[in-house]
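> Hey, dropping final-v6.cif in here, mmCIF, C-alpha atoms:
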data_coords
#
loop_
_atom_site.group_PDB
_atom_site.id
_atom_site.type_symbol
_atom_site.label_atom_id
_atom_site.label_comp_id
_atom_site.auth_asym_id
_atom_site.auth_seq_id
_atom_site.Cartn_x
_atom_site.Cartn_y
_atom_site.Cartn_z
ATOM 1 C CA MET B 1 -5.559 -7.589 -3.098
ATOM 2 C CA GLY B 2 -2.428 -7.795 -1.031
ATOM 3 C CA LEU B 3 -0.738 -10.219 -3.405
ATOM 4 C CA THR B 4 2.909 -9.972 -4.429
ATOM 5 C CA LEU B 5 4.763 -11.990 -7.071
ATOM 6 C CA ARG B 6 8.302 -12.716 -5.923
ATOM 7 C CA ALA B 7 9.622 -14.341 -9.088
ATOM 8 C CA VAL B 8 9.394 -13.709 -12.820
ATOM 9 C CA CYS B 9 7.618 -16.264 -14.994
ATOM 10 C CA GLY B 10 8.289 -17.306 -18.590
ATOM 11 C CA ARG B 11 11.450 -16.592 -20.507
ATOM 12 C CA ALA B 12 12.885 -14.462 -17.688
ATOM 13 C CA ARG B 13 12.234 -17.110 -15.043
ATOM 14 C CA ILE B 14 14.509 -16.666 -12.042
ATOM 15 C CA GLY B 15 12.921 -19.098 -9.634
ATOM 16 C CA THR B 16 9.717 -20.664 -8.449
ATOM 17 C CA LEU B 17 6.707 -18.391 -8.489
ATOM 18 C CA LYS B 18 5.731 -17.471 -4.955
ATOM 19 C CA VAL B 19 2.519 -15.628 -4.183
ATOM 20 C CA VAL B 20 2.392 -13.746 -0.912
ATOM 21 C CA THR B 21 -0.880 -12.617 0.641
ATOM 22 C CA HIS B 22 -1.336 -10.277 3.594
ATOM 23 C CA GLU B 23 -4.908 -11.463 4.156
ATOM 24 C CA ARG B 24 -4.319 -12.501 7.783
ATOM 25 C CA LYS B 25 -2.732 -9.169 8.665
ATOM 26 C CA LEU B 26 -5.751 -7.080 7.719
ATOM 27 C CA LYS B 27 -8.631 -6.505 10.098
ATOM 28 C CA ARG B 28 -11.276 -3.828 10.319
ATOM 29 C CA PRO B 29 -10.293 -1.263 13.006
ATOM 30 C CA GLU B 30 -12.377 -1.567 16.141
ATOM 31 C CA ASN B 31 -12.109 2.105 17.069
ATOM 32 C CA ASP B 32 -14.953 4.191 15.598
ATOM 33 C CA TYR B 33 -12.718 7.193 14.893
ATOM 34 C CA VAL B 34 -10.171 5.140 12.962
ATOM 35 C CA ARG B 35 -12.879 3.229 11.113
ATOM 36 C CA ASP B 36 -14.518 6.498 10.029
ATOM 37 C CA ILE B 37 -11.174 7.852 8.805
ATOM 38 C CA VAL B 38 -10.559 4.710 6.728
ATOM 39 C CA ASP B 39 -14.050 4.956 5.246
ATOM 40 C CA ASP B 40 -13.613 8.680 4.528
ATOM 41 C CA TYR B 41 -10.543 7.830 2.481
ATOM 42 C CA GLY B 42 -12.634 5.284 0.589
ATOM 43 C CA LEU B 43 -10.235 2.497 1.539
ATOM 44 C CA GLY B 44 -12.602 0.336 3.569
ATOM 45 C CA PRO B 45 -13.178 -2.159 0.719
ATOM 46 C CA LEU B 46 -9.451 -3.004 0.688
ATOM 47 C CA VAL B 47 -9.801 -4.647 4.087
ATOM 48 C CA GLU B 48 -12.547 -6.931 2.807
ATOM 49 C CA GLY B 49 -11.031 -7.593 -0.619
ATOM 50 C CA THR B 50 -8.099 -9.837 0.309
ATOM 51 C CA HIS B 51 -7.745 -13.480 -0.692
ATOM 52 C CA SER B 52 -6.243 -16.358 1.262
ATOM 53 C CA LEU B 53 -6.258 -18.687 -1.774
ATOM 54 C CA VAL B 54 -5.155 -17.722 -5.277
ATOM 55 C CA GLU B 55 -4.580 -19.586 -8.534
ATOM 56 C CA GLU B 56 -0.819 -19.375 -9.069
ATOM 57 C CA SER B 57 -0.946 -20.757 -12.632
ATOM 58 C CA LEU B 58 -3.342 -17.978 -13.635
ATOM 59 C CA LEU B 59 -1.105 -15.286 -12.152
ATOM 60 C CA CYS B 60 1.942 -16.805 -13.840
ATOM 61 C CA ALA B 61 0.129 -16.790 -17.190
ATOM 62 C CA PHE B 62 -0.591 -13.086 -16.836
ATOM 63 C CA ALA B 63 2.957 -12.332 -15.654
ATOM 64 C CA GLU B 64 4.383 -14.026 -18.761
ATOM 65 C CA ARG B 65 2.312 -11.750 -20.976
ATOM 66 C CA TRP B 66 3.026 -8.457 -19.214
ATOM 67 C CA HIS B 67 5.090 -5.845 -21.068
ATOM 68 C CA LYS B 68 6.477 -3.171 -18.781
ATOM 69 C CA ASP B 69 7.252 -0.774 -21.649
ATOM 70 C CA THR B 70 3.591 -0.458 -22.630
ATOM 71 C CA LEU B 71 2.107 -1.381 -19.230
ATOM 72 C CA SER B 72 -0.226 -3.839 -20.889
ATOM 73 C CA PHE B 73 -0.838 -7.551 -21.391
ATOM 74 C CA TYR B 74 -0.373 -9.245 -24.777
ATOM 75 C CA LEU B 75 -2.972 -12.001 -24.945
ATOM 76 C CA PRO B 76 -4.054 -14.337 -27.775
ATOM 77 C CA VAL B 77 -7.128 -12.130 -28.256
ATOM 78 C CA GLY B 78 -5.080 -8.929 -28.431
ATOM 79 C CA GLU B 79 -3.557 -6.264 -26.207
ATOM 80 C CA MET B 80 -5.218 -5.518 -22.873
ATOM 81 C CA SER B 81 -4.523 -2.619 -20.516
ATOM 82 C CA ILE B 82 -5.699 -2.060 -16.949
ATOM 83 C CA THR B 83 -7.692 1.139 -16.600
ATOM 84 C CA LEU B 84 -8.790 3.096 -13.557
ATOM 85 C CA ASP B 85 -12.353 1.952 -14.282
ATOM 86 C CA ASP B 86 -11.112 -1.630 -13.885
ATOM 87 C CA VAL B 87 -9.574 -0.686 -10.546
ATOM 88 C CA ASN B 88 -12.843 0.862 -9.420
ATOM 89 C CA ILE B 89 -14.852 -2.225 -10.385
ATOM 90 C CA LEU B 90 -12.431 -4.758 -8.895
ATOM 91 C CA LEU B 91 -11.427 -2.959 -5.700
ATOM 92 C CA HIS B 92 -14.514 -0.808 -5.126
ATOM 93 C CA ILE B 93 -12.460 2.290 -4.355
ATOM 94 C CA PRO B 94 -13.057 5.699 -5.990
ATOM 95 C CA VAL B 95 -10.713 6.683 -8.816
ATOM 96 C CA HIS B 96 -11.867 10.188 -9.702
ATOM 97 C CA GLY B 97 -9.675 13.263 -9.232
ATOM 98 C CA ARG B 98 -6.374 14.727 -10.287
ATOM 99 C CA PHE B 99 -3.073 12.854 -10.389
ATOM 100 C CA PHE B 100 -0.946 13.027 -7.268
ATOM 101 C CA PHE B 101 2.832 12.705 -7.200
ATOM 102 C CA LEU B 102 4.906 12.056 -4.092
ATOM 103 C CA PRO B 103 8.529 13.173 -3.904
ATOM 104 C CA SER B 104 11.182 10.559 -3.251
ATOM 105 C CA LEU B 105 12.559 10.604 0.274
ATOM 106 C CA GLY B 106 16.014 9.931 1.598
ATOM 107 C CA LYS B 107 16.421 8.165 4.924
ATOM 108 C CA ASN B 108 16.827 11.395 6.891
ATOM 109 C CA GLU B 109 13.657 12.847 5.392
ATOM 110 C CA ALA B 110 11.820 9.598 6.065
ATOM 111 C CA ASN B 111 12.980 9.673 9.683
ATOM 112 C CA GLU B 112 11.684 13.221 10.111
ATOM 113 C CA LEU B 113 8.329 12.232 8.636
ATOM 114 C CA LEU B 114 8.031 9.324 11.076
ATOM 115 C CA VAL B 115 8.795 11.656 13.967
ATOM 116 C CA THR B 116 6.263 14.254 12.825
ATOM 117 C CA LEU B 117 3.365 12.037 11.791
ATOM 118 C CA LEU B 118 3.764 8.955 13.992
ATOM 119 C CA GLY B 119 5.266 10.534 17.105
ATOM 120 C CA VAL B 120 8.299 8.252 17.377
ATOM 121 C CA SER B 121 11.705 9.458 18.516
ATOM 122 C CA TYR B 122 14.307 10.258 15.873
ATOM 123 C CA SER B 123 16.565 7.480 17.162
ATOM 124 C CA ASP B 124 13.754 4.929 16.857
ATOM 125 C CA ALA B 125 12.894 6.152 13.365
ATOM 126 C CA THR B 126 16.548 5.892 12.328
ATOM 127 C CA ALA B 127 16.773 2.340 13.671
ATOM 128 C CA LYS B 128 13.721 1.269 11.675
ATOM 129 C CA THR B 129 14.844 2.741 8.357
ATOM 130 C CA GLU B 130 18.377 1.404 8.869
ATOM 131 C CA TYR B 131 16.846 -2.061 9.330
ATOM 132 C CA THR B 132 15.179 -1.892 5.907
ATOM 133 C CA TRP B 133 18.225 -0.304 4.209
ATOM 134 C CA GLY B 134 16.189 2.641 2.984
ATOM 135 C CA PRO B 135 13.238 5.003 3.560
ATOM 136 C CA SER B 136 10.868 2.164 4.456
ATOM 137 C CA VAL B 137 9.553 0.510 7.613
ATOM 138 C CA ARG B 138 8.529 -3.051 8.297
ATOM 139 C CA LEU B 139 4.841 -3.944 8.356
ATOM 140 C CA SER B 140 5.362 -5.911 11.569
ATOM 141 C CA TRP B 141 6.672 -2.759 13.283
ATOM 142 C CA LEU B 142 3.556 -0.874 12.203
ATOM 143 C CA CYS B 143 1.426 -3.579 13.823
ATOM 144 C CA SER B 144 3.295 -3.076 17.094
ATOM 145 C CA MET B 145 2.972 0.693 16.772
ATOM 146 C CA TYR B 146 -0.759 0.312 16.247
ATOM 147 C CA GLU B 147 -1.232 -1.665 19.454
ATOM 148 C CA ASN B 148 0.953 0.709 21.489
ATOM 149 C CA ASN B 149 -0.905 3.797 20.310
ATOM 150 C CA VAL B 150 -4.282 2.170 20.930
ATOM 151 C CA GLU B 151 -3.261 1.519 24.538
ATOM 152 C CA GLN B 152 -2.168 5.149 24.928
ATOM 153 C CA ASN B 153 -5.270 6.433 23.103
ATOM 154 C CA HIS B 154 -3.233 8.378 20.532
ATOM 155 C CA LEU B 155 -5.966 8.106 17.921
ATOM 156 C CA THR B 156 -4.342 10.319 15.280
ATOM 157 C CA TYR B 157 -1.227 8.144 15.309
ATOM 158 C CA VAL B 158 -3.404 5.011 15.379
ATOM 159 C CA ALA B 159 -5.221 6.151 12.239
ATOM 160 C CA ARG B 160 -2.030 6.998 10.331
ATOM 161 C CA VAL B 161 -0.329 3.746 11.315
ATOM 162 C CA TYR B 162 -3.369 1.735 10.264
ATOM 163 C CA LEU B 163 -3.665 3.513 6.919
ATOM 164 C CA LEU B 164 0.055 3.138 6.117
ATOM 165 C CA HIS B 165 -0.125 -0.553 7.004
ATOM 166 C CA LEU B 166 -3.283 -1.003 4.915
ATOM 167 C CA VAL B 167 -1.871 0.493 1.705
ATOM 168 C CA GLY B 168 1.445 -1.288 2.323
ATOM 169 C CA CYS B 169 -0.420 -4.602 2.321
ATOM 170 C CA THR B 170 -2.635 -3.810 -0.674
ATOM 171 C CA ILE B 171 -2.391 -1.115 -3.356
ATOM 172 C CA PHE B 172 1.218 -0.172 -2.519
ATOM 173 C CA ALA B 173 2.512 -3.686 -1.804
ATOM 174 C CA ASP B 174 5.874 -4.377 -3.448
ATOM 175 C CA LYS B 175 8.350 -7.198 -3.874
ATOM 176 C CA SER B 176 9.933 -6.556 -0.486
ATOM 177 C CA VAL B 177 6.795 -8.258 0.929
ATOM 178 C CA SER B 178 7.499 -7.107 4.485
ATOM 179 C CA ALA B 179 7.954 -3.311 4.230
ATOM 180 C CA VAL B 180 6.240 -0.133 3.007
ATOM 181 C CA ARG B 181 7.743 3.182 1.908
ATOM 182 C CA VAL B 182 7.490 5.995 4.427
ATOM 183 C CA GLN B 183 6.667 8.539 1.700
ATOM 184 C CA TYR B 184 3.056 7.312 1.630
ATOM 185 C CA LEU B 185 2.577 8.847 5.080
ATOM 186 C CA GLU B 186 2.356 12.239 3.358
ATOM 187 C CA LEU B 187 -1.023 11.167 2.023
ATOM 188 C CA PHE B 188 -2.287 10.898 5.586
ATOM 189 C CA ARG B 189 -0.851 14.113 7.020
ATOM 190 C CA VAL B 190 -4.298 15.741 7.239
ATOM 191 C CA LEU B 191 -6.944 13.321 8.490
ATOM 192 C CA ALA B 192 -9.919 15.571 9.196
ATOM 193 C CA SER B 193 -12.680 15.727 6.576
ATOM 194 C CA VAL B 194 -10.611 13.871 4.012
ATOM 195 C CA GLY B 195 -13.529 12.797 1.817
ATOM 196 C CA PHE B 196 -12.646 10.760 -1.245
ATOM 197 C CA SER B 197 -10.044 13.055 -2.843
ATOM 198 C CA LYS B 198 -7.013 11.592 -1.027
ATOM 199 C CA CYS B 199 -7.920 8.092 -2.119
ATOM 200 C CA ASN B 200 -8.217 9.291 -5.701
ATOM 201 C CA HIS B 201 -4.711 10.769 -5.524
ATOM 202 C CA LYS B 202 -3.299 7.508 -4.181
ATOM 203 C CA GLN B 203 -4.800 5.282 -6.851
ATOM 204 C CA ASN B 204 -3.846 7.641 -9.665
ATOM 205 C CA TYR B 205 -0.273 7.665 -8.301
ATOM 206 C CA ARG B 206 -0.244 3.867 -8.218
ATOM 207 C CA TYR B 207 -1.568 3.621 -11.777
ATOM 208 C CA ARG B 208 1.033 6.004 -13.173
ATOM 209 C CA HIS B 209 3.908 4.253 -11.366
ATOM 210 C CA SER B 210 2.940 0.611 -11.941
#
Show me, as structure tokens, the structure contained in the file I just sent.


Amino acid sequence: MGLTLRAVCGRARIGTLKVVTHERKLKRPENDYVRDIVDDYGLGPLVEGTHSLVEESLLCAFAERWHKDTLSFYLPVGEMSITLDDVNILLHIPVHGRFFFLPSLGKNEANELLVTLLGVSYSDATAKTEYTWGPSVRLSWLCSMYENNVEQNHLTYVARVYLLHLVGCTIFADKSVSAVRVQYLELFRVLASVGFSKCNHKQNYRYRHS
């Protein structure tokens, strides 16, 4: 997990295939409260499931055979689709539950969400979304936020920052490589007694929007 393809292979080639991994950015949280929250969401296996070495030729072969209209691969042996059962087996995260849809956010709405759920000032939130040219924040900023909140013992903010950074590096990684959409914070608004249902919503959302 945590891999991003930055170029298109095959007939639509636009450059050299580059595979980006966030493996070095992911560490198990040392704080017991945060670790329990991550495990309650069922996302703990994502921290352990990253790879520092990948076979680029294999990924390119799959990219060449991907059809976005049908969301499936066309292989010599036939058509192959990725199911939620495949996700469960490969990533070891639960995939049961109802589908969950997040509304799109404008920059102002994203700023307000950062203020409410991460405790930053509105001016700081505005500066961060302006830097990414949209309702997103950089992963490096989340790392800094994590350390600052740990020092101040703001555990609720620590947990939300860690979770947003985790999904931004793994199941919600995109071609920007360095940023994550603020809208995913909504999934972590309520942290107490989360169980597995929130994780199910997130993976179903990812599957429907891949």

> On this structure, the PyMOL selection byres ((chain B and resi 106-122) around 8) would catch which residues? List them as a VMD selection string, sorted by chain and number.

chain B and resid 104 to 105 123 to 126 129 134 to 136 157 160 to 161 182 to 183 185 to 186 189

> Let me see the file: selected residues, C-alpha atoms, as a PDB file, in the coordinates of the input.


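What ended up in part-v4.pdb:
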ATOM      1  CA  SER B 104      11.182  10.559  -3.251  1.00  0.00           C
ATOM      2  CA  LEU B 105      12.559  10.604   0.274  1.00  0.00           C
ATOM      3  CA  SER B 123      16.565   7.480  17.162  1.00  0.00           C
ATOM      4  CA  ASP B 124      13.754   4.929  16.857  1.00  0.00           C
ATOM      5  CA  ALA B 125      12.894   6.152  13.365  1.00  0.00           C
ATOM      6  CA  THR B 126      16.548   5.892  12.328  1.00  0.00           C
ATOM      7  CA  THR B 129      14.844   2.741   8.357  1.00  0.00           C
ATOM      8  CA  GLY B 134      16.189   2.641   2.984  1.00  0.00           C
ATOM      9  CA  PRO B 135      13.238   5.003   3.560  1.00  0.00           C
ATOM     10  CA  SER B 136      10.868   2.164   4.456  1.00  0.00           C
ATOM     11  CA  TYR B 157      -1.227   8.144  15.309  1.00  0.00           C
ATOM     12  CA  ARG B 160      -2.030   6.998  10.331  1.00  0.00           C
ATOM     13  CA  VAL B 161      -0.329   3.746  11.315  1.00  0.00           C
ATOM     14  CA  VAL B 182       7.490   5.995   4.427  1.00  0.00           C
ATOM     15  CA  GLN B 183       6.667   8.539   1.700  1.00  0.00           C
ATOM     16  CA  LEU B 185       2.577   8.847   5.080  1.00  0.00           C
ATOM     17  CA  GLU B 186       2.356  12.239   3.358  1.00  0.00           C
ATOM     18  CA  ARG B 189      -0.851  14.113   7.020  1.00  0.00           C
TER      19      ARG B 189
END

> At what distance in Å, to one decimal, does CA of Val34 in chain B lie from CA of Val150 in chain B?

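One can read the CA of Val150 in chain B to CA of Val34 in chain B distance as 10.3 Å.
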
> Name all residues at most 9 Å from range 72-81 of chain B (count all atoms listed in the file; drop same-chain ones fewer than 5 positions away) and give them as a PDB file with C-alpha atoms, in the frame of the given file.


ATOM      1  CA  PHE B  62      -0.591 -13.086 -16.836  1.00  0.00           C
ATOM      2  CA  ALA B  63       2.957 -12.332 -15.654  1.00  0.00           C
ATOM      3  CA  GLU B  64       4.383 -14.026 -18.761  1.00  0.00           C
ATOM      4  CA  ARG B  65       2.312 -11.750 -20.976  1.00  0.00           C
ATOM      5  CA  TRP B  66       3.026  -8.457 -19.214  1.00  0.00           C
ATOM      6  CA  HIS B  67       5.090  -5.845 -21.068  1.00  0.00           C
TER       7      HIS B  67
END

> Compare B:Cys143, B:Arg138, B:Phe100, B:Pro45 by their minimum atom-to-atom distance to Ile171 in chain B, counting all atoms listed in the file, and give me the closest one.

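Distance minimum relative to Ile171 in chain B lands on B:Pro45.
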
> Need the shell around Tyr162 in chain B: protein/DNA/RNA residues with any atom at most 12 Å away, counting only C-alpha atoms. Skip same-chain ones fewer than 6 positions apart. Format as a PyMOL selection string?

chain B and resi 25-31+33-35+37-38+43-44+47+118+139-147+149-150+155-156+168-169+185+188

> If you measure from CA of Val180 in chain B to CA of Val137 in chain B, what distance in Å do you get, rounded to one decimal?

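Interatomic distance here is 5.7 Å.
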